[in-house]
file query04.txt (compact mmCIF, N, CA and C atoms)
# COMPACT_ATOMS: atom_id res chain seq x y z
N MET A 19 39.91 -10.56 51.10
CA MET A 19 38.55 -10.99 50.85
C MET A 19 37.55 -9.86 51.14
N ARG A 20 37.83 -9.13 52.24
CA ARG A 20 36.95 -8.04 52.63
C ARG A 20 36.97 -6.93 51.58
N SER A 21 38.13 -6.70 50.98
CA SER A 21 38.22 -5.65 49.96
C SER A 21 37.43 -6.05 48.70
N ARG A 22 37.38 -7.33 48.39
CA ARG A 22 36.58 -7.79 47.26
C ARG A 22 35.09 -7.53 47.51
N LEU A 23 34.66 -7.75 48.74
CA LEU A 23 33.26 -7.48 49.09
C LEU A 23 32.93 -6.02 48.86
N TRP A 24 33.82 -5.13 49.29
CA TRP A 24 33.57 -3.70 49.11
C TRP A 24 33.57 -3.31 47.64
N VAL A 25 34.47 -3.90 46.89
CA VAL A 25 34.51 -3.61 45.45
C VAL A 25 33.22 -4.09 44.78
N ASN A 26 32.77 -5.30 45.12
CA ASN A 26 31.53 -5.82 44.55
C ASN A 26 30.33 -4.97 44.96
N ALA A 27 30.29 -4.56 46.22
CA ALA A 27 29.19 -3.71 46.68
C ALA A 27 29.20 -2.38 45.95
N PHE A 28 30.38 -1.83 45.73
CA PHE A 28 30.51 -0.58 44.99
C PHE A 28 30.02 -0.74 43.55
N LEU A 29 30.40 -1.83 42.88
CA LEU A 29 29.97 -2.07 41.49
C LEU A 29 28.47 -2.26 41.40
N VAL A 30 27.88 -2.97 42.34
CA VAL A 30 26.43 -3.16 42.35
C VAL A 30 25.73 -1.82 42.54
N SER A 31 26.27 -0.98 43.43
CA SER A 31 25.69 0.35 43.64
C SER A 31 25.74 1.18 42.38
N LEU A 32 26.86 1.13 41.67
CA LEU A 32 26.97 1.88 40.41
C LEU A 32 25.95 1.39 39.39
N ALA A 33 25.76 0.07 39.31
CA ALA A 33 24.79 -0.49 38.37
C ALA A 33 23.39 -0.02 38.71
N LEU A 34 23.04 0.01 40.00
CA LEU A 34 21.71 0.48 40.41
C LEU A 34 21.52 1.95 40.09
N ILE A 35 22.53 2.75 40.31
CA ILE A 35 22.43 4.18 40.00
C ILE A 35 22.24 4.38 38.50
N ALA A 36 22.98 3.63 37.70
CA ALA A 36 22.83 3.74 36.24
C ALA A 36 21.44 3.32 35.80
N ALA A 37 20.91 2.26 36.39
CA ALA A 37 19.57 1.79 36.03
C ALA A 37 18.52 2.82 36.40
N CYS A 38 18.65 3.44 37.55
CA CYS A 38 17.69 4.47 37.97
C CYS A 38 17.77 5.69 37.07
N ALA A 39 18.95 6.04 36.64
CA ALA A 39 19.11 7.19 35.75
C ALA A 39 18.41 6.95 34.43
N ARG A 40 18.42 5.74 33.94
CA ARG A 40 17.73 5.42 32.68
C ARG A 40 16.22 5.55 32.85
N LYS A 41 15.69 5.18 34.00
CA LYS A 41 14.25 5.30 34.23
C LYS A 41 13.81 6.74 34.18
N ASP A 42 14.68 7.66 34.62
CA ASP A 42 14.33 9.08 34.59
C ASP A 42 14.14 9.58 33.18
N GLN A 43 14.78 8.94 32.21
CA GLN A 43 14.66 9.36 30.82
C GLN A 43 13.40 8.82 30.17
N ALA A 44 12.78 7.80 30.75
CA ALA A 44 11.57 7.21 30.19
C ALA A 44 10.39 8.13 30.46
N PRO A 45 9.39 8.17 29.57
CA PRO A 45 8.22 9.00 29.81
C PRO A 45 7.44 8.50 31.02
N ALA A 46 6.81 9.42 31.72
CA ALA A 46 5.99 9.06 32.87
C ALA A 46 4.83 8.20 32.41
N ALA A 47 4.34 7.35 33.32
CA ALA A 47 3.24 6.45 32.98
C ALA A 47 2.01 7.22 32.53
N ALA A 48 1.79 8.40 33.09
CA ALA A 48 0.62 9.19 32.72
C ALA A 48 0.70 9.67 31.28
N GLU A 49 1.92 9.75 30.74
CA GLU A 49 2.08 10.20 29.37
C GLU A 49 1.82 9.09 28.36
N LEU A 50 1.88 7.86 28.81
CA LEU A 50 1.70 6.73 27.90
C LEU A 50 0.21 6.43 27.74
N LYS A 51 -0.16 5.96 26.55
CA LYS A 51 -1.54 5.56 26.32
C LYS A 51 -1.80 4.22 26.98
N SER A 52 -3.03 3.93 27.23
CA SER A 52 -3.42 2.66 27.84
C SER A 52 -3.01 1.51 26.94
N ALA A 53 -2.67 0.38 27.55
CA ALA A 53 -2.30 -0.81 26.78
C ALA A 53 -3.48 -1.32 25.97
N ALA A 54 -4.69 -0.99 26.40
CA ALA A 54 -5.89 -1.43 25.68
C ALA A 54 -6.04 -0.65 24.37
N THR A 55 -5.45 0.52 24.29
CA THR A 55 -5.51 1.34 23.08
C THR A 55 -4.17 1.23 22.37
N PRO A 56 -4.12 0.53 21.23
CA PRO A 56 -2.84 0.40 20.55
C PRO A 56 -2.34 1.76 20.08
N VAL A 57 -1.06 1.99 20.28
CA VAL A 57 -0.45 3.24 19.86
C VAL A 57 0.00 3.08 18.42
N VAL A 58 -0.56 3.89 17.54
CA VAL A 58 -0.20 3.84 16.13
C VAL A 58 0.42 5.19 15.80
N GLY A 59 1.68 5.15 15.41
CA GLY A 59 2.37 6.39 15.09
C GLY A 59 1.87 6.98 13.78
N ALA A 60 2.33 8.16 13.53
CA ALA A 60 1.98 8.82 12.28
C ALA A 60 2.59 8.05 11.11
N GLU A 61 1.88 8.04 10.02
CA GLU A 61 2.38 7.35 8.83
C GLU A 61 3.50 8.17 8.21
N LYS A 62 4.58 7.48 7.86
CA LYS A 62 5.70 8.12 7.17
C LYS A 62 5.90 7.42 5.84
N THR A 63 6.44 8.14 4.86
CA THR A 63 6.70 7.54 3.56
C THR A 63 8.17 7.72 3.20
N TYR A 64 8.67 6.75 2.42
CA TYR A 64 10.07 6.73 2.00
C TYR A 64 10.13 6.22 0.56
N PRO A 65 11.07 6.71 -0.23
CA PRO A 65 11.27 6.12 -1.55
C PRO A 65 11.98 4.78 -1.41
N LEU A 66 11.56 3.81 -2.22
CA LEU A 66 12.15 2.47 -2.17
C LEU A 66 12.52 2.05 -3.59
N ARG A 67 13.68 1.43 -3.73
CA ARG A 67 14.13 0.89 -5.02
C ARG A 67 14.71 -0.48 -4.76
N GLY A 68 14.36 -1.45 -5.62
CA GLY A 68 14.91 -2.78 -5.46
C GLY A 68 14.47 -3.72 -6.56
N LYS A 69 14.86 -4.99 -6.39
CA LYS A 69 14.57 -6.02 -7.38
C LYS A 69 13.52 -6.97 -6.80
N VAL A 70 12.50 -7.27 -7.58
CA VAL A 70 11.43 -8.18 -7.16
C VAL A 70 11.97 -9.61 -7.21
N VAL A 71 11.89 -10.32 -6.07
CA VAL A 71 12.40 -11.69 -6.02
C VAL A 71 11.27 -12.72 -5.95
N SER A 72 10.05 -12.28 -5.58
CA SER A 72 8.90 -13.18 -5.65
C SER A 72 7.62 -12.35 -5.66
N VAL A 73 6.57 -12.97 -6.20
CA VAL A 73 5.26 -12.33 -6.31
C VAL A 73 4.20 -13.28 -5.77
N ASP A 74 3.32 -12.77 -4.92
CA ASP A 74 2.20 -13.54 -4.39
C ASP A 74 0.92 -12.82 -4.78
N THR A 75 0.35 -13.22 -5.93
CA THR A 75 -0.84 -12.53 -6.43
C THR A 75 -2.06 -12.77 -5.54
N ALA A 76 -2.12 -13.92 -4.87
CA ALA A 76 -3.27 -14.22 -4.00
C ALA A 76 -3.35 -13.24 -2.83
N GLN A 77 -2.19 -12.84 -2.30
CA GLN A 77 -2.18 -11.92 -1.16
C GLN A 77 -1.79 -10.49 -1.56
N ASN A 78 -1.59 -10.29 -2.86
CA ASN A 78 -1.21 -8.97 -3.39
C ASN A 78 0.08 -8.47 -2.73
N LYS A 79 1.09 -9.37 -2.69
CA LYS A 79 2.38 -9.03 -2.07
C LYS A 79 3.51 -9.30 -3.06
N ILE A 80 4.56 -8.49 -2.89
CA ILE A 80 5.80 -8.75 -3.60
C ILE A 80 6.94 -8.76 -2.58
N THR A 81 7.94 -9.58 -2.85
CA THR A 81 9.14 -9.59 -2.02
C THR A 81 10.21 -8.86 -2.80
N VAL A 82 10.80 -7.88 -2.15
CA VAL A 82 11.77 -7.00 -2.82
C VAL A 82 13.11 -7.05 -2.10
N ASP A 83 14.16 -7.26 -2.87
CA ASP A 83 15.53 -7.14 -2.37
C ASP A 83 15.88 -5.67 -2.59
N HIS A 84 15.67 -4.84 -1.54
CA HIS A 84 15.76 -3.39 -1.74
C HIS A 84 17.07 -2.80 -1.25
N GLU A 85 17.34 -1.62 -1.80
CA GLU A 85 18.50 -0.84 -1.42
C GLU A 85 18.24 -0.21 -0.05
N LYS A 86 19.23 0.51 0.46
CA LYS A 86 19.07 1.21 1.74
C LYS A 86 17.90 2.18 1.64
N VAL A 87 17.05 2.18 2.66
CA VAL A 87 15.95 3.14 2.75
C VAL A 87 16.43 4.18 3.76
N GLU A 88 16.81 5.35 3.27
CA GLU A 88 17.38 6.40 4.12
C GLU A 88 16.45 6.71 5.29
N GLY A 89 17.03 6.72 6.46
CA GLY A 89 16.28 7.06 7.66
C GLY A 89 15.45 5.92 8.23
N LEU A 90 15.56 4.71 7.62
CA LEU A 90 14.74 3.60 8.12
C LEU A 90 15.50 2.29 8.18
N TRP A 91 15.98 1.77 7.04
CA TRP A 91 16.58 0.44 6.99
C TRP A 91 17.83 0.40 6.13
N ASN A 92 18.67 -0.57 6.46
CA ASN A 92 19.77 -0.94 5.58
C ASN A 92 19.20 -1.87 4.50
N PRO A 93 19.98 -2.18 3.46
CA PRO A 93 19.47 -3.08 2.42
C PRO A 93 19.08 -4.44 3.01
N MET A 94 17.97 -4.98 2.51
CA MET A 94 17.51 -6.31 2.91
C MET A 94 16.43 -6.78 1.95
N THR A 95 15.98 -8.00 2.15
CA THR A 95 14.89 -8.56 1.36
C THR A 95 13.68 -8.69 2.26
N MET A 96 12.54 -8.18 1.78
CA MET A 96 11.33 -8.16 2.62
C MET A 96 10.08 -8.23 1.74
N ALA A 97 9.05 -8.88 2.27
CA ALA A 97 7.76 -8.96 1.57
C ALA A 97 6.90 -7.76 1.96
N PHE A 98 6.22 -7.19 0.97
CA PHE A 98 5.36 -6.04 1.20
C PHE A 98 4.00 -6.25 0.55
N GLU A 99 2.96 -5.82 1.23
CA GLU A 99 1.64 -5.74 0.62
C GLU A 99 1.69 -4.57 -0.36
N VAL A 100 1.05 -4.74 -1.52
CA VAL A 100 0.96 -3.65 -2.50
C VAL A 100 -0.46 -3.12 -2.44
N ARG A 101 -0.61 -1.87 -2.06
CA ARG A 101 -1.92 -1.25 -1.96
C ARG A 101 -2.16 -0.34 -3.16
N GLY A 102 -3.43 -0.14 -3.46
CA GLY A 102 -3.79 0.72 -4.58
C GLY A 102 -3.85 -0.02 -5.90
N VAL A 103 -3.71 -1.34 -5.84
CA VAL A 103 -3.78 -2.19 -7.03
C VAL A 103 -4.77 -3.30 -6.71
N ALA A 104 -5.68 -3.57 -7.63
CA ALA A 104 -6.65 -4.65 -7.41
C ALA A 104 -5.89 -5.97 -7.24
N PRO A 105 -6.33 -6.81 -6.29
CA PRO A 105 -5.65 -8.09 -6.07
C PRO A 105 -5.48 -8.89 -7.36
N GLY A 106 -4.27 -9.39 -7.57
CA GLY A 106 -3.98 -10.20 -8.75
C GLY A 106 -3.74 -9.41 -10.02
N LYS A 107 -3.79 -8.10 -9.96
CA LYS A 107 -3.60 -7.26 -11.15
C LYS A 107 -2.33 -6.44 -11.06
N SER A 108 -1.63 -6.33 -12.14
CA SER A 108 -0.54 -5.37 -12.32
C SER A 108 0.62 -5.46 -11.34
N LEU A 109 0.88 -6.60 -10.75
CA LEU A 109 2.08 -6.72 -9.91
C LEU A 109 3.28 -6.91 -10.83
N PRO A 110 4.41 -6.31 -10.50
CA PRO A 110 5.59 -6.42 -11.37
C PRO A 110 6.12 -7.86 -11.38
N PRO A 111 6.68 -8.27 -12.49
CA PRO A 111 7.20 -9.65 -12.59
C PRO A 111 8.49 -9.84 -11.80
N VAL A 112 8.74 -11.09 -11.43
CA VAL A 112 9.98 -11.45 -10.74
C VAL A 112 11.16 -11.06 -11.62
N GLY A 113 12.17 -10.49 -11.01
CA GLY A 113 13.37 -10.08 -11.73
C GLY A 113 13.36 -8.62 -12.14
N SER A 114 12.22 -7.97 -12.06
CA SER A 114 12.17 -6.57 -12.48
C SER A 114 12.68 -5.65 -11.36
N THR A 115 13.25 -4.53 -11.79
CA THR A 115 13.68 -3.51 -10.84
C THR A 115 12.54 -2.52 -10.70
N VAL A 116 12.20 -2.20 -9.44
CA VAL A 116 11.05 -1.33 -9.20
C VAL A 116 11.43 -0.15 -8.32
N ARG A 117 10.63 0.88 -8.46
CA ARG A 117 10.63 2.02 -7.54
C ARG A 117 9.22 2.07 -6.97
N ALA A 118 9.12 2.45 -5.70
CA ALA A 118 7.81 2.51 -5.06
C ALA A 118 7.87 3.49 -3.89
N THR A 119 6.71 3.78 -3.35
CA THR A 119 6.62 4.55 -2.12
C THR A 119 6.37 3.56 -0.99
N LEU A 120 7.29 3.55 -0.02
CA LEU A 120 7.17 2.70 1.15
C LEU A 120 6.45 3.49 2.24
N HIS A 121 5.38 2.91 2.77
CA HIS A 121 4.63 3.52 3.86
C HIS A 121 4.96 2.77 5.15
N ALA A 122 5.22 3.52 6.22
CA ALA A 122 5.52 2.92 7.52
C ALA A 122 4.62 3.55 8.56
N GLN A 123 3.92 2.70 9.30
CA GLN A 123 3.07 3.18 10.38
C GLN A 123 3.17 2.18 11.52
N GLY A 124 3.80 2.58 12.59
CA GLY A 124 4.05 1.65 13.68
C GLY A 124 4.93 0.52 13.17
N SER A 125 4.45 -0.71 13.29
CA SER A 125 5.23 -1.86 12.80
C SER A 125 4.63 -2.42 11.51
N ARG A 126 3.82 -1.62 10.82
CA ARG A 126 3.22 -2.05 9.55
C ARG A 126 3.87 -1.31 8.40
N TYR A 127 4.12 -2.06 7.31
CA TYR A 127 4.79 -1.51 6.13
C TYR A 127 4.07 -1.99 4.88
N TRP A 128 3.89 -1.10 3.89
CA TRP A 128 3.28 -1.48 2.62
C TRP A 128 3.78 -0.54 1.54
N LEU A 129 3.53 -0.95 0.29
CA LEU A 129 3.99 -0.17 -0.87
C LEU A 129 2.80 0.37 -1.65
N THR A 130 3.01 1.53 -2.25
CA THR A 130 2.08 2.10 -3.23
C THR A 130 2.92 2.63 -4.38
N ASP A 131 2.25 3.00 -5.46
CA ASP A 131 2.92 3.60 -6.62
C ASP A 131 4.09 2.76 -7.12
N VAL A 132 3.91 1.45 -7.18
CA VAL A 132 4.97 0.55 -7.64
C VAL A 132 5.08 0.68 -9.16
N ARG A 133 6.29 0.99 -9.64
CA ARG A 133 6.50 1.10 -11.08
C ARG A 133 7.81 0.43 -11.46
N VAL A 134 7.77 -0.24 -12.59
CA VAL A 134 8.94 -0.96 -13.10
C VAL A 134 9.84 0.05 -13.80
N GLU A 135 11.14 -0.09 -13.54
CA GLU A 135 12.12 0.81 -14.20
C GLU A 135 12.49 0.26 -15.56
call {"tool": "encode", "arguments": {"input": "query04.txt", "output": "structure tokens"}}
result
Amino acid sequence: MRSRLWVNAFLVSLALIAACARKDQAPAAAELKSAATPVVGAEKTYPLRGKVVSVDTAQNKITVDHEKVEGLWNPMTMAFEVRGVAPGKSLPPVGSTVRATLHAQGSRYWLTDVRVE
């Protein structure tokens, strides 16, 4: 029984050491921006190709069943705001295959340059 106590104490110690080591890899609090100021990363763009599965002209959104977006996502179906097009105008029809530029900034995503293939 006493040996089990020592083994458990040893395992707990290892877990604490591992947890502390992970904290060392985190940026110092002084390096982080204030919680009151939202951190918005730089905007990145990616080519996107997929099939339109629904269109919401009122919100200027299309839902696309897209292929893998290299460096960002595996294939999935997702709704995107379409920017650069007047609301209710020129959205591709359901069933069409499209290519577009996917913009990513923080946790926000939208499409521009949507064109039907």
call {"tool": "residues_near_point", "arguments": {"input": "query04.txt", "point": "(12.5, 3.7, -10.1)", "cutoff": "6.5 Å", "atoms": "only N, CA and C atoms", "output": "VMD selection string"}}
result
chain A and resid 67 115 to 118 133 to 135
call {"tool": "closest_residue", "arguments": {"input": "query04.txt", "among": "A:Val132, A:Met94, A:Val112, A:Val87", "to": "Val71 of chain A", "atoms": "all atoms listed in the file"}}
result
A:Val112
call {"tool": "axis_aligned_box", "arguments": {"input": "query04.txt", "around": "segment 100-111 of chain A", "padding_each_side": "3 Å", "output": "lines of an AutoDock Vina configuration file"}}
result
center_x = 0.9
center_y = -4.7
center_z = -7.1
size_x = 21.1
size_y = 16.9
size_z = 17.1
call {"tool": "closest_residue", "arguments": {"input": "query04.txt", "among": "A:Val100, A:Ala60, A:Trp128, A:Pro110", "to": "Ser72 of chain A", "atoms": "only C-alpha atoms"}}
result
A:Pro110
call {"tool": "atom_distance", "arguments": {"input": "query04.txt", "atom1": "atom CA of Gly102 of chain A", "atom2": "atom C of Val82 of chain A"}}
result
18.8 Å
call {"tool": "residues_around", "arguments": {"input": "query04.txt", "residues": "segment 95-97 of chain A", "least_positions_apart": "4", "cutoff": "5 Å", "atoms": "only N, CA and C atoms", "output": "list in words"}}
result
Ile80, Thr81, Val82, Asp83 and His84 of chain A
call {"tool": "atom_distance", "arguments": {"input": "query04.txt", "atom1": "atom CA of Gly68 of chain A", "atom2": "atom CA of Pro93 of chain A"}}
result
9.1 Å
call {"tool": "atom_distance", "arguments": {"input": "query04.txt", "atom1": "atom CA of Tyr64 of chain A", "atom2": "atom CA of His121 of chain A"}}
result
6.6 Å
call {"tool": "residues_around", "arguments": {"input": "query04.txt", "residues": "Leu109 of chain A", "least_positions_apart": "3", "cutoff": "8 Å", "atoms": "only N, CA and C atoms", "output": "PDB file with N, CA and C atoms, in the coordinates of the input"}}
result
ATOM      1  N   VAL A  73       6.570 -12.970  -6.200  1.00  0.00           N
ATOM      2  CA  VAL A  73       5.260 -12.330  -6.310  1.00  0.00           C
ATOM      3  C   VAL A  73       4.200 -13.280  -5.770  1.00  0.00           C
ATOM      4  N   ASP A  74       3.320 -12.770  -4.920  1.00  0.00           N
ATOM      5  CA  ASP A  74       2.200 -13.540  -4.390  1.00  0.00           C
ATOM      6  C   ASP A  74       0.920 -12.820  -4.780  1.00  0.00           C
ATOM      7  N   THR A  75       0.350 -13.220  -5.930  1.00  0.00           N
ATOM      8  CA  THR A  75      -0.840 -12.530  -6.430  1.00  0.00           C
ATOM      9  C   THR A  75      -2.060 -12.770  -5.540  1.00  0.00           C
ATOM     10  N   ASN A  78      -1.590 -10.290  -2.860  1.00  0.00           N
ATOM     11  CA  ASN A  78      -1.210  -8.970  -3.390  1.00  0.00           C
ATOM     12  C   ASN A  78       0.080  -8.470  -2.730  1.00  0.00           C
ATOM     13  N   LYS A  79       1.090  -9.370  -2.690  1.00  0.00           N
ATOM     14  CA  LYS A  79       2.380  -9.030  -2.070  1.00  0.00           C
ATOM     15  C   LYS A  79       3.510  -9.300  -3.060  1.00  0.00           C
ATOM     16  N   ILE A  80       4.560  -8.490  -2.890  1.00  0.00           N
ATOM     17  CA  ILE A  80       5.800  -8.750  -3.600  1.00  0.00           C
ATOM     18  C   ILE A  80       6.940  -8.760  -2.580  1.00  0.00           C
ATOM     19  N   VAL A 103      -3.710  -1.340  -5.840  1.00  0.00           N
ATOM     20  CA  VAL A 103      -3.780  -2.190  -7.030  1.00  0.00           C
ATOM     21  C   VAL A 103      -4.770  -3.300  -6.710  1.00  0.00           C
ATOM     22  N   ALA A 104      -5.680  -3.570  -7.630  1.00  0.00           N
ATOM     23  CA  ALA A 104      -6.650  -4.650  -7.410  1.00  0.00           C
ATOM     24  C   ALA A 104      -5.890  -5.970  -7.240  1.00  0.00           C
ATOM     25  N   PRO A 105      -6.330  -6.810  -6.290  1.00  0.00           N
ATOM     26  CA  PRO A 105      -5.650  -8.090  -6.070  1.00  0.00           C
ATOM     27  C   PRO A 105      -5.480  -8.890  -7.360  1.00  0.00           C
ATOM     28  N   GLY A 106      -4.270  -9.390  -7.570  1.00  0.00           N
ATOM     29  CA  GLY A 106      -3.980 -10.200  -8.750  1.00  0.00           C
ATOM     30  C   GLY A 106      -3.740  -9.410 -10.020  1.00  0.00           C
ATOM     31  N   VAL A 112       8.740 -11.090 -11.430  1.00  0.00           N
ATOM     32  CA  VAL A 112       9.980 -11.450 -10.740  1.00  0.00           C
ATOM     33  C   VAL A 112      11.160 -11.060 -11.620  1.00  0.00           C
ATOM     34  N   VAL A 132       3.910   1.450  -7.180  1.00  0.00           N
ATOM     35  CA  VAL A 132       4.970   0.550  -7.640  1.00  0.00           C
ATOM     36  C   VAL A 132       5.080   0.680  -9.160  1.00  0.00           C
TER      37      VAL A 132
END
call {"tool": "residues_around", "arguments": {"input": "query04.txt", "residues": "segment 122-126 of chain A", "least_positions_apart": "6", "cutoff": "6 Å", "atoms": "all atoms listed in the file", "output": "short mmCIF file (atom, residue, chain, number, x, y, z; two decimals) with N, CA and C atoms, in the coordinates of the input"}}
result
data_model
loop_
_atom_site.label_atom_id
_atom_site.label_comp_id
_atom_site.auth_asym_id
_atom_site.auth_seq_id
_atom_site.Cartn_x
_atom_site.Cartn_y
_atom_site.Cartn_z
N VAL A 58 -0.56 3.89 17.54
CA VAL A 58 -0.20 3.84 16.13
C VAL A 58 0.42 5.19 15.80
N GLY A 59 1.68 5.15 15.41
CA GLY A 59 2.37 6.39 15.09
C GLY A 59 1.87 6.98 13.78
N ALA A 60 2.33 8.16 13.53
CA ALA A 60 1.98 8.82 12.28
C ALA A 60 2.59 8.05 11.11
N GLU A 61 1.88 8.04 10.02
CA GLU A 61 2.38 7.35 8.83
C GLU A 61 3.50 8.17 8.21
N LYS A 62 4.58 7.48 7.86
CA LYS A 62 5.70 8.12 7.17
C LYS A 62 5.90 7.42 5.84
N THR A 63 6.44 8.14 4.86
CA THR A 63 6.70 7.54 3.56
C THR A 63 8.17 7.72 3.20
#
call {"tool": "closest_residue", "arguments": {"input": "query04.txt", "among": "A:Phe98, A:Val70, A:Pro65, A:Glu85", "to": "Pro111 of chain A", "atoms": "only C-alpha atoms"}}
result
A:Val70
